[in-house]
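Source file: model.pdb; contents: PDB, N, CA and C atoms.
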```pdb
MODEL        1
ATOM      1  N   MET A 906     -18.044  -4.363 -13.759
ATOM      2  CA  MET A 906     -17.088  -5.435 -13.894
ATOM      3  C   MET A 906     -16.032  -5.006 -14.916
ATOM      4  N   PRO A 907     -14.729  -5.096 -14.564
ATOM      5  CA  PRO A 907     -13.673  -4.675 -15.498
ATOM      6  C   PRO A 907     -13.577  -5.613 -16.700
ATOM      7  N   GLU A 908     -13.298  -5.026 -17.847
ATOM      8  CA  GLU A 908     -13.065  -5.799 -19.066
ATOM      9  C   GLU A 908     -11.688  -5.435 -19.595
ATOM     10  N   ASP A 909     -11.007  -6.438 -20.166
ATOM     11  CA  ASP A 909      -9.691  -6.204 -20.742
ATOM     12  C   ASP A 909      -9.813  -5.853 -22.216
ATOM     13  N   VAL A 910      -9.002  -4.898 -22.648
ATOM     14  CA  VAL A 910      -8.824  -4.608 -24.067
ATOM     15  C   VAL A 910      -7.519  -5.293 -24.437
ATOM     16  N   VAL A 911      -7.592  -6.245 -25.361
ATOM     17  CA  VAL A 911      -6.458  -7.116 -25.664
ATOM     18  C   VAL A 911      -5.960  -6.863 -27.085
ATOM     19  N   ALA A 912      -4.640  -6.871 -27.237
ATOM     20  CA  ALA A 912      -4.039  -6.719 -28.570
ATOM     21  C   ALA A 912      -4.333  -7.938 -29.426
ATOM     22  N   GLU A 913      -4.650  -7.692 -30.686
ATOM     23  CA  GLU A 913      -4.927  -8.785 -31.611
ATOM     24  C   GLU A 913      -3.718  -9.126 -32.480
ATOM     25  N   ILE A 914      -2.703  -8.242 -32.473
ATOM     26  CA  ILE A 914      -1.524  -8.434 -33.323
ATOM     27  C   ILE A 914      -0.282  -7.947 -32.591
ATOM     28  N   VAL A 915       0.874  -8.314 -33.121
ATOM     29  CA  VAL A 915       2.134  -7.753 -32.651
ATOM     30  C   VAL A 915       2.226  -6.344 -33.228
ATOM     31  N   ALA A 916       2.514  -5.356 -32.380
ATOM     32  CA  ALA A 916       2.526  -3.966 -32.844
ATOM     33  C   ALA A 916       3.327  -3.094 -31.884
ATOM     34  N   THR A 917       3.599  -1.889 -32.349
ATOM     35  CA  THR A 917       4.230  -0.860 -31.520
ATOM     36  C   THR A 917       3.183   0.182 -31.181
ATOM     37  N   VAL A 918       3.183   0.638 -29.934
ATOM     38  CA  VAL A 918       2.227   1.662 -29.501
ATOM     39  C   VAL A 918       2.723   3.027 -29.980
ATOM     40  N   LEU A 919       1.930   3.670 -30.847
ATOM     41  CA  LEU A 919       2.275   5.003 -31.358
ATOM     42  C   LEU A 919       1.703   6.110 -30.485
ATOM     43  N   GLU A 920       0.506   5.880 -29.948
ATOM     44  CA  GLU A 920      -0.181   6.920 -29.176
ATOM     45  C   GLU A 920      -1.128   6.252 -28.181
ATOM     46  N   VAL A 921      -1.175   6.808 -26.987
ATOM     47  CA  VAL A 921      -2.171   6.406 -25.994
ATOM     48  C   VAL A 921      -3.148   7.570 -25.910
ATOM     49  N   ALA A 922      -4.405   7.328 -26.294
ATOM     50  CA  ALA A 922      -5.380   8.411 -26.453
ATOM     51  C   ALA A 922      -6.287   8.597 -25.244
ATOM     52  N   VAL A 923      -6.118   7.760 -24.207
ATOM     53  CA  VAL A 923      -6.982   7.857 -23.027
ATOM     54  C   VAL A 923      -6.140   7.875 -21.759
ATOM     55  N   ASP A 924      -6.745   8.377 -20.699
ATOM     56  CA  ASP A 924      -6.122   8.393 -19.380
ATOM     57  C   ASP A 924      -6.957   7.551 -18.434
ATOM     58  N   GLU A 925      -6.332   7.062 -17.385
ATOM     59  CA  GLU A 925      -7.063   6.310 -16.373
ATOM     60  C   GLU A 925      -8.155   7.193 -15.772
ATOM     61  N   GLY A 926      -9.358   6.632 -15.626
ATOM     62  CA  GLY A 926     -10.487   7.369 -15.081
ATOM     63  C   GLY A 926     -11.312   8.113 -16.114
ATOM     64  N   GLN A 927     -10.870   8.109 -17.352
ATOM     65  CA  GLN A 927     -11.570   8.831 -18.421
ATOM     66  C   GLN A 927     -12.766   8.029 -18.924
ATOM     67  N   PRO A 928     -13.925   8.670 -19.077
ATOM     68  CA  PRO A 928     -15.056   7.966 -19.690
ATOM     69  C   PRO A 928     -14.838   7.835 -21.203
ATOM     70  N   VAL A 929     -15.319   6.720 -21.763
ATOM     71  CA  VAL A 929     -15.225   6.503 -23.203
ATOM     72  C   VAL A 929     -16.574   6.051 -23.746
ATOM     73  N   ALA A 930     -16.815   6.379 -24.996
ATOM     74  CA  ALA A 930     -18.031   5.968 -25.695
ATOM     75  C   ALA A 930     -17.642   4.941 -26.760
ATOM     76  N   VAL A 931     -18.633   4.237 -27.260
ATOM     77  CA  VAL A 931     -18.395   3.276 -28.334
ATOM     78  C   VAL A 931     -17.730   3.993 -29.506
ATOM     79  N   GLY A 932     -16.635   3.412 -30.003
ATOM     80  CA  GLY A 932     -15.940   3.982 -31.145
ATOM     81  C   GLY A 932     -14.819   4.937 -30.806
ATOM     82  N   ASP A 933     -14.685   5.325 -29.526
ATOM     83  CA  ASP A 933     -13.564   6.193 -29.141
ATOM     84  C   ASP A 933     -12.250   5.439 -29.320
ATOM     85  N   THR A 934     -11.221   6.141 -29.779
ATOM     86  CA  THR A 934      -9.901   5.537 -29.923
ATOM     87  C   THR A 934      -9.239   5.447 -28.555
ATOM     88  N   LEU A 935      -8.772   4.241 -28.216
ATOM     89  CA  LEU A 935      -8.070   4.026 -26.953
ATOM     90  C   LEU A 935      -6.560   4.173 -27.149
ATOM     91  N   VAL A 936      -6.037   3.489 -28.136
ATOM     92  CA  VAL A 936      -4.621   3.595 -28.492
ATOM     93  C   VAL A 936      -4.493   3.487 -30.007
ATOM     94  N   LEU A 937      -3.357   3.962 -30.488
ATOM     95  CA  LEU A 937      -3.029   3.840 -31.910
ATOM     96  C   LEU A 937      -1.791   2.966 -32.005
ATOM     97  N   LEU A 938      -1.905   1.883 -32.775
ATOM     98  CA  LEU A 938      -0.814   0.938 -32.944
ATOM     99  C   LEU A 938      -0.238   1.052 -34.343
ATOM    100  N   GLU A 939       1.015   0.577 -34.489
ATOM    101  CA  GLU A 939       1.647   0.502 -35.803
ATOM    102  C   GLU A 939       2.158  -0.917 -35.987
ATOM    103  N   SER A 940       1.790  -1.499 -37.106
ATOM    104  CA  SER A 940       2.268  -2.833 -37.453
ATOM    105  C   SER A 940       2.434  -2.898 -38.965
ATOM    106  N   MET A 941       3.601  -3.331 -39.401
ATOM    107  CA  MET A 941       3.884  -3.466 -40.828
ATOM    108  C   MET A 941       3.595  -2.160 -41.581
ATOM    109  N   LYS A 942       4.009  -1.042 -40.973
ATOM    110  CA  LYS A 942       3.874   0.303 -41.549
ATOM    111  C   LYS A 942       2.430   0.774 -41.696
ATOM    112  N   MET A 943       1.489   0.100 -41.010
ATOM    113  CA  MET A 943       0.086   0.535 -41.018
ATOM    114  C   MET A 943      -0.282   1.010 -39.622
ATOM    115  N   GLU A 944      -1.061   2.088 -39.557
ATOM    116  CA  GLU A 944      -1.582   2.576 -38.280
ATOM    117  C   GLU A 944      -2.932   1.918 -38.020
ATOM    118  N   ILE A 945      -3.083   1.370 -36.815
ATOM    119  CA  ILE A 945      -4.283   0.621 -36.468
ATOM    120  C   ILE A 945      -4.862   1.178 -35.172
ATOM    121  N   PRO A 946      -6.019   1.829 -35.236
ATOM    122  CA  PRO A 946      -6.630   2.315 -33.992
ATOM    123  C   PRO A 946      -7.306   1.156 -33.251
ATOM    124  N   VAL A 947      -7.193   1.174 -31.936
ATOM    125  CA  VAL A 947      -7.937   0.234 -31.091
ATOM    126  C   VAL A 947      -9.084   1.035 -30.508
ATOM    127  N   LEU A 948     -10.311   0.629 -30.818
ATOM    128  CA  LEU A 948     -11.503   1.393 -30.458
ATOM    129  C   LEU A 948     -12.261   0.752 -29.309
ATOM    130  N   ALA A 949     -12.946   1.582 -28.523
ATOM    131  CA  ALA A 949     -13.810   1.075 -27.459
ATOM    132  C   ALA A 949     -15.011   0.384 -28.086
ATOM    133  N   GLU A 950     -15.297  -0.817 -27.622
ATOM    134  CA  GLU A 950     -16.437  -1.564 -28.148
ATOM    135  C   GLU A 950     -17.689  -1.341 -27.304
ATOM    136  N   ASP A 951     -17.503  -0.843 -26.087
ATOM    137  CA  ASP A 951     -18.610  -0.561 -25.169
ATOM    138  C   ASP A 951     -18.347   0.775 -24.490
ATOM    139  N   PRO A 952     -19.393   1.449 -24.030
ATOM    140  CA  PRO A 952     -19.160   2.649 -23.232
ATOM    141  C   PRO A 952     -18.679   2.243 -21.843
ATOM    142  N   GLY A 953     -17.909   3.106 -21.210
ATOM    143  CA  GLY A 953     -17.432   2.805 -19.855
ATOM    144  C   GLY A 953     -16.416   3.820 -19.396
ATOM    145  N   THR A 954     -15.646   3.439 -18.388
ATOM    146  CA  THR A 954     -14.612   4.287 -17.811
ATOM    147  C   THR A 954     -13.302   3.508 -17.812
ATOM    148  N   ILE A 955     -12.228   4.149 -18.270
ATOM    149  CA  ILE A 955     -10.930   3.499 -18.312
ATOM    150  C   ILE A 955     -10.453   3.240 -16.891
ATOM    151  N   GLY A 956     -10.045   1.999 -16.642
ATOM    152  CA  GLY A 956      -9.495   1.628 -15.334
ATOM    153  C   GLY A 956      -7.992   1.797 -15.339
ATOM    154  N   LEU A 957      -7.301   0.873 -15.963
ATOM    155  CA  LEU A 957      -5.842   0.913 -16.055
ATOM    156  C   LEU A 957      -5.413   0.970 -17.508
ATOM    157  N   VAL A 958      -4.394   1.769 -17.780
ATOM    158  CA  VAL A 958      -3.745   1.771 -19.097
ATOM    159  C   VAL A 958      -2.422   1.047 -18.884
ATOM    160  N   LYS A 959      -2.231  -0.061 -19.566
ATOM    161  CA  LYS A 959      -1.081  -0.914 -19.305
ATOM    162  C   LYS A 959       0.036  -0.783 -20.333
ATOM    163  N   VAL A 960      -0.078   0.167 -21.262
ATOM    164  CA  VAL A 960       0.960   0.374 -22.273
ATOM    165  C   VAL A 960       1.348   1.843 -22.305
ATOM    166  N   LYS A 961       2.506   2.100 -22.896
ATOM    167  CA  LYS A 961       2.949   3.484 -23.111
ATOM    168  C   LYS A 961       3.536   3.586 -24.513
ATOM    169  N   VAL A 962       3.670   4.788 -25.004
ATOM    170  CA  VAL A 962       4.210   5.020 -26.340
ATOM    171  C   VAL A 962       5.578   4.352 -26.451
ATOM    172  N   GLY A 963       5.759   3.620 -27.544
ATOM    173  CA  GLY A 963       7.020   2.940 -27.798
ATOM    174  C   GLY A 963       7.037   1.478 -27.394
ATOM    175  N   ASP A 964       6.077   1.056 -26.580
ATOM    176  CA  ASP A 964       6.008  -0.354 -26.186
ATOM    177  C   ASP A 964       5.742  -1.229 -27.406
ATOM    178  N   VAL A 965       6.387  -2.384 -27.447
ATOM    179  CA  VAL A 965       6.084  -3.405 -28.446
ATOM    180  C   VAL A 965       5.220  -4.440 -27.736
ATOM    181  N   ILE A 966       4.018  -4.634 -28.253
ATOM    182  CA  ILE A 966       3.084  -5.557 -27.621
ATOM    183  C   ILE A 966       2.874  -6.784 -28.499
ATOM    184  N   GLN A 967       2.503  -7.858 -27.858
ATOM    185  CA  GLN A 967       2.263  -9.127 -28.538
ATOM    186  C   GLN A 967       0.768  -9.396 -28.597
ATOM    187  N   ALA A 968       0.341 -10.234 -29.522
ATOM    188  CA  ALA A 968      -1.062 -10.648 -29.580
ATOM    189  C   ALA A 968      -1.424 -11.276 -28.236
ATOM    190  N   GLY A 969      -2.530 -10.827 -27.666
ATOM    191  CA  GLY A 969      -2.982 -11.334 -26.382
ATOM    192  C   GLY A 969      -2.590 -10.472 -25.192
ATOM    193  N   ASP A 970      -1.668  -9.516 -25.383
ATOM    194  CA  ASP A 970      -1.307  -8.612 -24.295
ATOM    195  C   ASP A 970      -2.476  -7.698 -23.956
ATOM    196  N   VAL A 971      -2.632  -7.403 -22.669
ATOM    197  CA  VAL A 971      -3.688  -6.476 -22.234
ATOM    198  C   VAL A 971      -3.183  -5.047 -22.460
ATOM    199  N   ILE A 972      -3.979  -4.260 -23.180
ATOM    200  CA  ILE A 972      -3.648  -2.866 -23.469
ATOM    201  C   ILE A 972      -4.197  -1.969 -22.361
ATOM    202  N   ALA A 973      -5.438  -2.212 -21.972
ATOM    203  CA  ALA A 973      -6.091  -1.410 -20.939
ATOM    204  C   ALA A 973      -7.252  -2.216 -20.360
ATOM    205  N   THR A 974      -7.760  -1.741 -19.240
ATOM    206  CA  THR A 974      -8.974  -2.313 -18.685
ATOM    207  C   THR A 974      -9.978  -1.180 -18.558
ATOM    208  N   TYR A 975     -11.252  -1.531 -18.629
ATOM    209  CA  TYR A 975     -12.268  -0.515 -18.375
ATOM    210  C   TYR A 975     -13.501  -1.138 -17.770
ATOM    211  N   ARG A 976     -14.252  -0.288 -17.084
ATOM    212  CA  ARG A 976     -15.492  -0.701 -16.441
ATOM    213  C   ARG A 976     -16.649  -0.292 -17.320
ATOM    214  N   VAL A 977     -17.490  -1.241 -17.624
ATOM    215  CA  VAL A 977     -18.646  -1.007 -18.491
ATOM    216  C   VAL A 977     -19.797  -0.514 -17.656
TER
ENDMDL
END
```
How would this structure read if it were set down as structure tokens?
Amino acid sequence: MPEDVVAEIVATVLEVAVDEGQPVAVGDTLVLLESMKMEIPVLAEDPGTIGLVKVKVGDVIQAGDVIATYRV
């Protein structure tokens, strides 16, 4: 069942660290965000496989935006 990875803050995407179809483990970095001059990694909370990556470097995202989906 797909799960959404959702942004918790307004931020700019600095780096996308995963590709669609890539397996991830707990704690793997999915994307790196920047907000208020701080770098914030978004980490996988469950093991699974990345489904869709919905952001790209330079995107400004809002709290609640879907960053990626993955299958657990």
Residues selected by the PyMOL selection byres (((chain A and resi 945 and name CA) around 12) and name CA), written as a list of chain:residue names: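 What the PyMOL selection byres (((chain A and resi 945 and name CA) around 12) and name CA) grabs from the file is A:Ala912, A:Glu913, A:Ile914, A:Val915, A:Ala916, A:Thr917, A:Val918, A:Leu919, A:Glu920, A:Thr934, A:Leu935, A:Val936, A:Leu937, A:Leu938, A:Glu939, A:Ser940, A:Met941, A:Lys942, A:Met943, A:Glu944, A:Pro946, A:Val947, A:Leu948.
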Store the residues of this selection in a file with N, CA and C atoms, as a compact mmCIF listing (two decimals), keeping the file's coordinate frame.
```txt
# COMPACT_ATOMS: atom_id res chain seq x y z
N ALA A 912 -4.64 -6.87 -27.24
CA ALA A 912 -4.04 -6.72 -28.57
C ALA A 912 -4.33 -7.94 -29.43
N GLU A 913 -4.65 -7.69 -30.69
CA GLU A 913 -4.93 -8.78 -31.61
C GLU A 913 -3.72 -9.13 -32.48
N ILE A 914 -2.70 -8.24 -32.47
CA ILE A 914 -1.52 -8.43 -33.32
C ILE A 914 -0.28 -7.95 -32.59
N VAL A 915 0.87 -8.31 -33.12
CA VAL A 915 2.13 -7.75 -32.65
C VAL A 915 2.23 -6.34 -33.23
N ALA A 916 2.51 -5.36 -32.38
CA ALA A 916 2.53 -3.97 -32.84
C ALA A 916 3.33 -3.09 -31.88
N THR A 917 3.60 -1.89 -32.35
CA THR A 917 4.23 -0.86 -31.52
C THR A 917 3.18 0.18 -31.18
N VAL A 918 3.18 0.64 -29.93
CA VAL A 918 2.23 1.66 -29.50
C VAL A 918 2.72 3.03 -29.98
N LEU A 919 1.93 3.67 -30.85
CA LEU A 919 2.28 5.00 -31.36
C LEU A 919 1.70 6.11 -30.48
N GLU A 920 0.51 5.88 -29.95
CA GLU A 920 -0.18 6.92 -29.18
C GLU A 920 -1.13 6.25 -28.18
N THR A 934 -11.22 6.14 -29.78
CA THR A 934 -9.90 5.54 -29.92
C THR A 934 -9.24 5.45 -28.56
N LEU A 935 -8.77 4.24 -28.22
CA LEU A 935 -8.07 4.03 -26.95
C LEU A 935 -6.56 4.17 -27.15
N VAL A 936 -6.04 3.49 -28.14
CA VAL A 936 -4.62 3.60 -28.49
C VAL A 936 -4.49 3.49 -30.01
N LEU A 937 -3.36 3.96 -30.49
CA LEU A 937 -3.03 3.84 -31.91
C LEU A 937 -1.79 2.97 -32.01
N LEU A 938 -1.90 1.88 -32.78
CA LEU A 938 -0.81 0.94 -32.94
C LEU A 938 -0.24 1.05 -34.34
N GLU A 939 1.01 0.58 -34.49
CA GLU A 939 1.65 0.50 -35.80
C GLU A 939 2.16 -0.92 -35.99
N SER A 940 1.79 -1.50 -37.11
CA SER A 940 2.27 -2.83 -37.45
C SER A 940 2.43 -2.90 -38.97
N MET A 941 3.60 -3.33 -39.40
CA MET A 941 3.88 -3.47 -40.83
C MET A 941 3.60 -2.16 -41.58
N LYS A 942 4.01 -1.04 -40.97
CA LYS A 942 3.87 0.30 -41.55
C LYS A 942 2.43 0.77 -41.70
N MET A 943 1.49 0.10 -41.01
CA MET A 943 0.09 0.54 -41.02
C MET A 943 -0.28 1.01 -39.62
N GLU A 944 -1.06 2.09 -39.56
CA GLU A 944 -1.58 2.58 -38.28
C GLU A 944 -2.93 1.92 -38.02
N PRO A 946 -6.02 1.83 -35.24
CA PRO A 946 -6.63 2.32 -33.99
C PRO A 946 -7.31 1.16 -33.25
N VAL A 947 -7.19 1.17 -31.94
CA VAL A 947 -7.94 0.23 -31.09
C VAL A 947 -9.08 1.03 -30.51
N LEU A 948 -10.31 0.63 -30.82
CA LEU A 948 -11.50 1.39 -30.46
C LEU A 948 -12.26 0.75 -29.31
```
Pick from A:Ile972, A:Val965, A:Ala949, A:Leu957: nearest to Val929 in chain A, with only N, CA and C atoms counted? A:Ala949
Spatial neighbours of Gly956 in chain A, 8 Å, only C-alpha atoms, chain gap at least 6 places, as an MDAnalysis selection string: chainID A and resid 907 925:926 973:976
Just to be explicit: take each residue in the selection above, keep N, CA and C atoms, and write the result as an mmCIF file, in the frame of the given file.
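Wrote it out as part_31.cif, contents follow:
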```
data_model
loop_
_atom_site.group_PDB
_atom_site.id
_atom_site.type_symbol
_atom_site.label_atom_id
_atom_site.label_comp_id
_atom_site.auth_asym_id
_atom_site.auth_seq_id
_atom_site.Cartn_x
_atom_site.Cartn_y
_atom_site.Cartn_z
ATOM 1 N N PRO A 907 -14.729 -5.096 -14.564
ATOM 2 C CA PRO A 907 -13.673 -4.675 -15.498
ATOM 3 C C PRO A 907 -13.577 -5.613 -16.700
ATOM 4 N N GLU A 925 -6.332 7.062 -17.385
ATOM 5 C CA GLU A 925 -7.063 6.310 -16.373
ATOM 6 C C GLU A 925 -8.155 7.193 -15.772
ATOM 7 N N GLY A 926 -9.358 6.632 -15.626
ATOM 8 C CA GLY A 926 -10.487 7.369 -15.081
ATOM 9 C C GLY A 926 -11.312 8.113 -16.114
ATOM 10 N N ALA A 973 -5.438 -2.212 -21.972
ATOM 11 C CA ALA A 973 -6.091 -1.410 -20.939
ATOM 12 C C ALA A 973 -7.252 -2.216 -20.360
ATOM 13 N N THR A 974 -7.760 -1.741 -19.240
ATOM 14 C CA THR A 974 -8.974 -2.313 -18.685
ATOM 15 C C THR A 974 -9.978 -1.180 -18.558
ATOM 16 N N TYR A 975 -11.252 -1.531 -18.629
ATOM 17 C CA TYR A 975 -12.268 -0.515 -18.375
ATOM 18 C C TYR A 975 -13.501 -1.138 -17.770
ATOM 19 N N ARG A 976 -14.252 -0.288 -17.084
ATOM 20 C CA ARG A 976 -15.492 -0.701 -16.441
ATOM 21 C C ARG A 976 -16.649 -0.292 -17.320
#
```
Point-to-point distance from atom N of Ala930 in chain A to CA of Gly969 in chain A, Å rounded to tenths: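 A separation of 22.5 Å between them.
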For the strand (DSSP E) assignment from backbone DSSP, which residues of chain A qualify? Please present them as a PyMOL selection string. chain A and resi 907-911+916-921+928-929+934-940+943-948+953-958+965-966+971-976
Out of A:Val971, A:Val911, A:Ile966, A:Val931, which residue has the shortest atom-to-atom distance to Gly953 in chain A when counting only C-alpha atoms?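 Using only C-alpha atoms, Gly953 in chain A sits closest to A:Val931.
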Expressed in Å to a single decimal, how great is the separation between CA of Pro952 in chain A and CA of Gln967 in chain A?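 Atom-to-atom, CA of Pro952 in chain A to CA of Gln967 in chain A, that is 25.0 Å.
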Export range 914-962 of chain A from the structure block above, keeping C-alpha atoms, as a tab-separated table (two decimals), in the first residue's frame.
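Resulting contents of decode-v4.tsv:
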```tsv
chain	number	residue	atom	x	y	z
A	914	ILE	CA	7.25	22.98	6.92
A	915	VAL	CA	7.60	25.53	4.15
A	916	ALA	CA	11.00	24.87	2.56
A	917	THR	CA	13.10	24.78	-0.58
A	918	VAL	CA	14.27	21.44	-1.97
A	919	LEU	CA	18.09	21.40	-1.96
A	920	GLU	CA	18.64	17.77	-2.98
A	921	VAL	CA	16.59	14.76	-4.02
A	922	ALA	CA	18.49	11.72	-2.71
A	923	VAL	CA	16.29	8.93	-4.13
A	924	ASP	CA	14.99	7.79	-7.50
A	925	GLU	CA	11.68	6.18	-8.36
A	926	GLY	CA	11.89	2.41	-7.85
A	927	GLN	CA	14.78	2.66	-5.38
A	928	PRO	CA	14.57	0.59	-2.19
A	929	VAL	CA	15.01	2.52	1.07
A	930	ALA	CA	15.69	1.50	4.65
A	931	VAL	CA	14.63	3.20	7.86
A	932	GLY	CA	16.68	6.37	8.30
A	933	ASP	CA	17.68	6.78	4.64
A	934	THR	CA	17.57	10.40	3.46
A	935	LEU	CA	14.85	10.96	0.88
A	936	VAL	CA	15.30	14.69	0.28
A	937	LEU	CA	17.22	17.56	1.82
A	938	LEU	CA	15.25	20.72	2.52
A	939	GLU	CA	16.33	24.25	3.44
A	940	SER	CA	14.24	26.49	5.64
A	941	MET	CA	15.38	29.61	7.49
A	942	LYS	CA	19.02	28.86	6.52
A	943	MET	CA	18.87	25.38	8.12
A	944	GLU	CA	19.27	22.12	6.21
A	945	ILE	CA	16.62	19.57	7.14
A	946	PRO	CA	16.83	15.96	5.94
A	947	VAL	CA	13.57	14.10	5.35
A	948	LEU	CA	14.19	10.50	6.39
A	949	ALA	CA	12.39	7.25	5.58
A	950	GLU	CA	10.36	6.13	8.58
A	951	ASP	CA	9.73	2.63	7.18
A	952	PRO	CA	11.57	0.35	4.78
A	953	GLY	CA	10.09	0.16	1.29
A	954	THR	CA	10.45	1.13	-2.35
A	955	ILE	CA	10.09	4.67	-3.69
A	956	GLY	CA	7.04	5.00	-5.92
A	957	LEU	CA	6.85	8.60	-7.12
A	958	VAL	CA	9.13	11.53	-6.37
A	959	LYS	CA	6.96	14.62	-6.62
A	960	VAL	CA	9.58	17.35	-6.07
A	961	LYS	CA	12.75	18.52	-7.78
A	962	VAL	CA	15.69	20.65	-6.72
```
